[in-house]
Amino acid sequence: MTPMIEVKNLTHTYSTGTPFEHTAVKDISFSVQKGEFLGIIGHTGSGKSTLMQHLNGLLKPEQGDILLNGESIWKDKLSTRAARFRVGLVFQYPEYQLFEETVFKDIAFGPRNMGLKEEEIQKRVLRAAAFVGLPEDSLQKSPFELSGGQKRRVAIAGVIAMEPEVIIFDEPTAGLDPAGCRAILENIEQYRRATGATVLMVSHSMDDVALLADRLLVLNQGSIEMLGAPSEVFRHAERLQQIGLAVPQVTALFLRLKELGLPVDPATYTLADALKQLQTLKGGV
Amino acid sequence: MLKDITLGQYFPGNSPIHRLDARCKLMRVVVYIVALFLCKSYFSYGLALLFLITAIALSRIRLKALFKGMKTLLIIILFTALINMFYTPGTVLAKFWIFTITEEGLRNALFLVLRIVMLVSGTFLLTYTTSPIDLTDGLESLLSPLKKLHFPVHELAMMMSIALRFIPTLIEETDKIISAQKARGADFESGNLFRRAKALIPILIPLFISAFRRAEELATAMECRCYHGGKGRTKMKQLHYHMIDAIAAVITLTVFAGIIVLRSHGL
């Protein structure tokens, strides 16, 4: 099967030829299957943002290529523009990009740029608003009247309304309260289940990505450090800590239990799994 | 694209020019500019040029950086040069179609180009070798006599340093907003002038909002630290004149005097 996204030997250097020259991404290759949920984790400056902005053609690779469904997004001008709509990118603090008079118009900005018909735009805006749980009466309000969490939802809906096949989130929960975080993550998961979209999510919170991701991509100084299922990645807790990352809280607890000599799996990362192990342990005593 | 703006850029260093007191540098630039406008002959321009080249060499700023900042002025320089070349009456050197080139025209053009280039490089040298904070401190100190006339010198200097401080931040912010709107399919490169101007709205509104937000946050932060304007405020970093400043002042004044003497002799 052709992968949804294929990154081939991607390298990107900023400010080439000046004293500020800096290689953000070095020879990265990986692919993502259709419908997969890939979590991307890495320390600040590990190249996450640079990598993301390549996936929808905002940045042009210096070396290497990005294939979308087997075709290069840099084949010609049309395919680059098409990539913008096929790969939706939700930036960090997306609420700072809101600008329209009403929530409805702001969500409609993307679909309108796609050149869709008015009825189709209307349909998509309503659908996107429903996905992120925006009440219908808020659609005619100014986006600047809303609370921080609601603004974030509007911004996410603005990308969802383009109905991209791949959607990338950069720290979607940054700066939200725990309830807001949970709601946004649930929305993302719901959207994926309903549309079968491929999701990539950059996050600092190991607990968030561990819960949702099928696979994890760990970046360190512009290169891939690890790529695999969460249970595999969290097995290397020491290495993760060395490169400035943490493990989920549950994993940290189980690592400590293992150190204390209890027969548990130190790569445990879900609460359900943890509970099961603890129960067997208790039953065994 | 936006990162290429060199306005008010500072290249840290430890050259003799970097170490000069900001007040001294500011005054030198003023004297230098006045001197440039007094230049009338090859000799006086030569003297001023020698002064500038020495300063650039001492500052260890790369010529490439200096010329990069000049690029935007290229059109103005070329335009003034051409106008002067063709429209100065005098001894005719060459003539074709409606254009006549005169000896005086060539001279005028050369002098004007020299004057603009030297003016700009001199002021660039100031901003390249002086950190914005030193610069505003120096300005505040130089203008402090105006405080007697109830002129808000400190407030002005504070506004200037805040503005300079926020240039890179706002550039970065603009880049981010442009990327975010592009990701939603905004198109800034095609269409006529009107459409392109309209395409700027999705950038400008978020940018204004964030600038206001930052201003408010900054104001709150300053108030939290009991900022109350210039009255009775002392400085942690005091400006001091050193030997090197005296030397620089003597050299500058000598060059200035030299240009005046040359001028009074009709050179």
# chains A, B, ... in the order shown; residues from 1 in each chain; ligands from 1
>>> interface_residues(of="chain A", to="chain B", cutoff="9 Å", atoms="only C-alpha atoms", output="PyMOL selection string")
chain A and resi 53+56-58+81+84-85+87-91+94+96-100+109-114+158-159+162
>>> select_by_dssp(residues="range 19-229 of chain A", states="strand (DSSP E or B)", output="count of residues only")
51
>>> select_by_dssp(residues="range 103-202 of chain A", states="helix (DSSP H, G or I)", output="PyMOL selection string")
chain A and resi 103-113+118-131+136-140+143-145+148-160+178-195
>>> residues_around(residues="range 24-28 of chain B", least_positions_apart="2", cutoff="7 Å", atoms="only C-alpha atoms", output="ChimeraX atom specification")
/B:20-22,30-32,126,245,252
>>> write_last_selection(atoms="C-alpha atoms", output="PDB file, in the first residue's frame")
ATOM      1  CA  LEU B  20      33.401  54.061  22.420  1.00  0.00           C
ATOM      2  CA  ASP B  21      30.844  55.740  24.640  1.00  0.00           C
ATOM      3  CA  ALA B  22      27.445  55.928  22.931  1.00  0.00           C
ATOM      4  CA  VAL B  30      26.413  64.502  13.928  1.00  0.00           C
ATOM      5  CA  VAL B  31      29.741  66.273  13.388  1.00  0.00           C
ATOM      6  CA  TYR B  32      30.565  63.866  10.557  1.00  0.00           C
ATOM      7  CA  LEU B 126      26.639  53.730  14.513  1.00  0.00           C
ATOM      8  CA  ASP B 245      36.604  58.721  23.650  1.00  0.00           C
ATOM      9  CA  THR B 252      36.885  63.831  14.621  1.00  0.00           C
TER      10      THR B 252
END
>>> residues_around(residues="Leu38 in chain B", least_positions_apart="6", cutoff="8 Å", atoms="only C-alpha atoms", output="list of chain:residue names")
B:Ile259, B:Ile260, B:Arg263
>>> residues_around(residues="Ser49 in chain A", least_positions_apart="2", cutoff="10 Å", atoms="only C-alpha atoms", output="list in words")
Ala24, Val25, Thr44, Gly45, Ser46, Gly47, Leu51, Met52, Gln53, His54, Phe91, Gln92, Asp170 and Val202 of chain A
>>> atom_distance(atom1="CA of Ile251 in chain B", atom2="CA of Ala157 in chain B")
28.6 Å
>>> atom_distance(atom1="CA of Glu136 in chain A", atom2="CA of Asn187 in chain A")
16.4 Å
>>> residues_around(residues="range 204-217 of chain A", least_positions_apart="6", cutoff="8 Å", atoms="only C-alpha atoms", output="ChimeraX atom specification")
/A:36-43,171,185,189,224-230,233,246-249,269-270
>>> closest_residue(among="A:Leu59, A:Val218, A:Ala130, A:Ile121", to="Ile28 in chain A", atoms="only C-alpha atoms")
A:Val218
>>> residues_around(residues="range 67-73 of chain A", least_positions_apart="2", cutoff="12 Å", atoms="only C-alpha atoms", output="number ranges by chain")
A: 1-10, 29-34, 54-61, 64-65, 75-87, 165-166, 198
>>> atom_distance(atom1="CA of Arg62 in chain B", atom2="CA of Asn14 in chain B")
13.9 Å
>>> decode(residues="range 52-114 of chain A", atoms="C-alpha atoms", output="compact mmCIF listing (two decimals), in the first residue's frame")
# COMPACT_ATOMS: atom_id res chain seq x y z
CA MET A 52 5.83 20.00 9.99
CA GLN A 53 6.03 23.00 7.74
CA HIS A 54 7.54 20.82 5.03
CA LEU A 55 4.63 18.42 5.04
CA ASN A 56 2.16 20.90 3.53
CA GLY A 57 4.66 22.69 1.35
CA LEU A 58 5.14 25.85 3.43
CA LEU A 59 8.86 25.21 3.37
CA LYS A 60 10.65 23.84 0.36
CA PRO A 61 13.09 21.03 1.11
CA GLU A 62 16.69 21.83 0.38
CA GLN A 63 17.37 18.17 -0.20
CA GLY A 64 14.97 15.28 -0.30
CA ASP A 65 11.29 15.15 -1.12
CA ILE A 66 7.82 14.88 0.39
CA LEU A 67 5.43 12.43 -1.26
CA LEU A 68 1.71 12.62 -0.68
CA ASN A 69 -0.02 9.41 -1.71
CA GLY A 70 3.06 8.51 -3.73
CA GLU A 71 3.34 11.82 -5.58
CA SER A 72 5.78 14.62 -4.88
CA ILE A 73 4.09 17.78 -3.63
CA TRP A 74 6.76 19.75 -5.49
CA LYS A 75 5.97 18.15 -8.88
CA ASP A 76 4.38 21.37 -10.13
CA LYS A 77 2.73 24.53 -8.80
CA LEU A 78 -0.73 22.97 -8.72
CA SER A 79 0.28 20.01 -6.60
CA THR A 80 2.01 22.34 -4.12
CA ARG A 81 -1.13 24.41 -3.75
CA ALA A 82 -3.25 21.27 -3.53
CA ALA A 83 -1.00 20.02 -0.72
CA ARG A 84 -1.96 23.06 1.37
CA PHE A 85 -5.56 21.83 1.36
CA ARG A 86 -4.88 18.11 1.53
CA VAL A 87 -2.60 18.51 4.52
CA GLY A 88 -4.13 20.74 7.19
CA LEU A 89 -1.73 22.35 9.62
CA VAL A 90 -2.87 23.69 12.99
CA PHE A 91 -0.11 25.86 14.39
CA GLN A 92 0.74 26.36 18.03
CA TYR A 93 -1.59 28.91 19.64
CA PRO A 94 -3.76 28.95 16.51
CA GLU A 95 -6.17 31.43 18.12
CA TYR A 96 -3.65 34.19 17.32
CA GLN A 97 -4.47 33.85 13.63
CA LEU A 98 -8.19 34.70 13.95
CA PHE A 99 -9.14 37.86 12.13
CA GLU A 100 -12.72 37.82 10.81
CA GLU A 101 -15.77 39.65 12.13
CA THR A 102 -17.64 36.48 12.97
CA VAL A 103 -16.68 32.96 13.95
CA PHE A 104 -18.53 31.66 10.91
CA LYS A 105 -16.53 33.80 8.48
CA ASP A 106 -13.27 32.84 10.11
CA ILE A 107 -13.95 29.11 9.83
CA ALA A 108 -15.04 29.71 6.22
CA PHE A 109 -11.70 31.36 5.30
CA GLY A 110 -9.98 28.09 4.35
CA PRO A 111 -12.90 26.57 2.38
CA ARG A 112 -13.40 29.90 0.59
CA ASN A 113 -9.76 29.92 -0.47
CA MET A 114 -10.34 26.45 -1.91
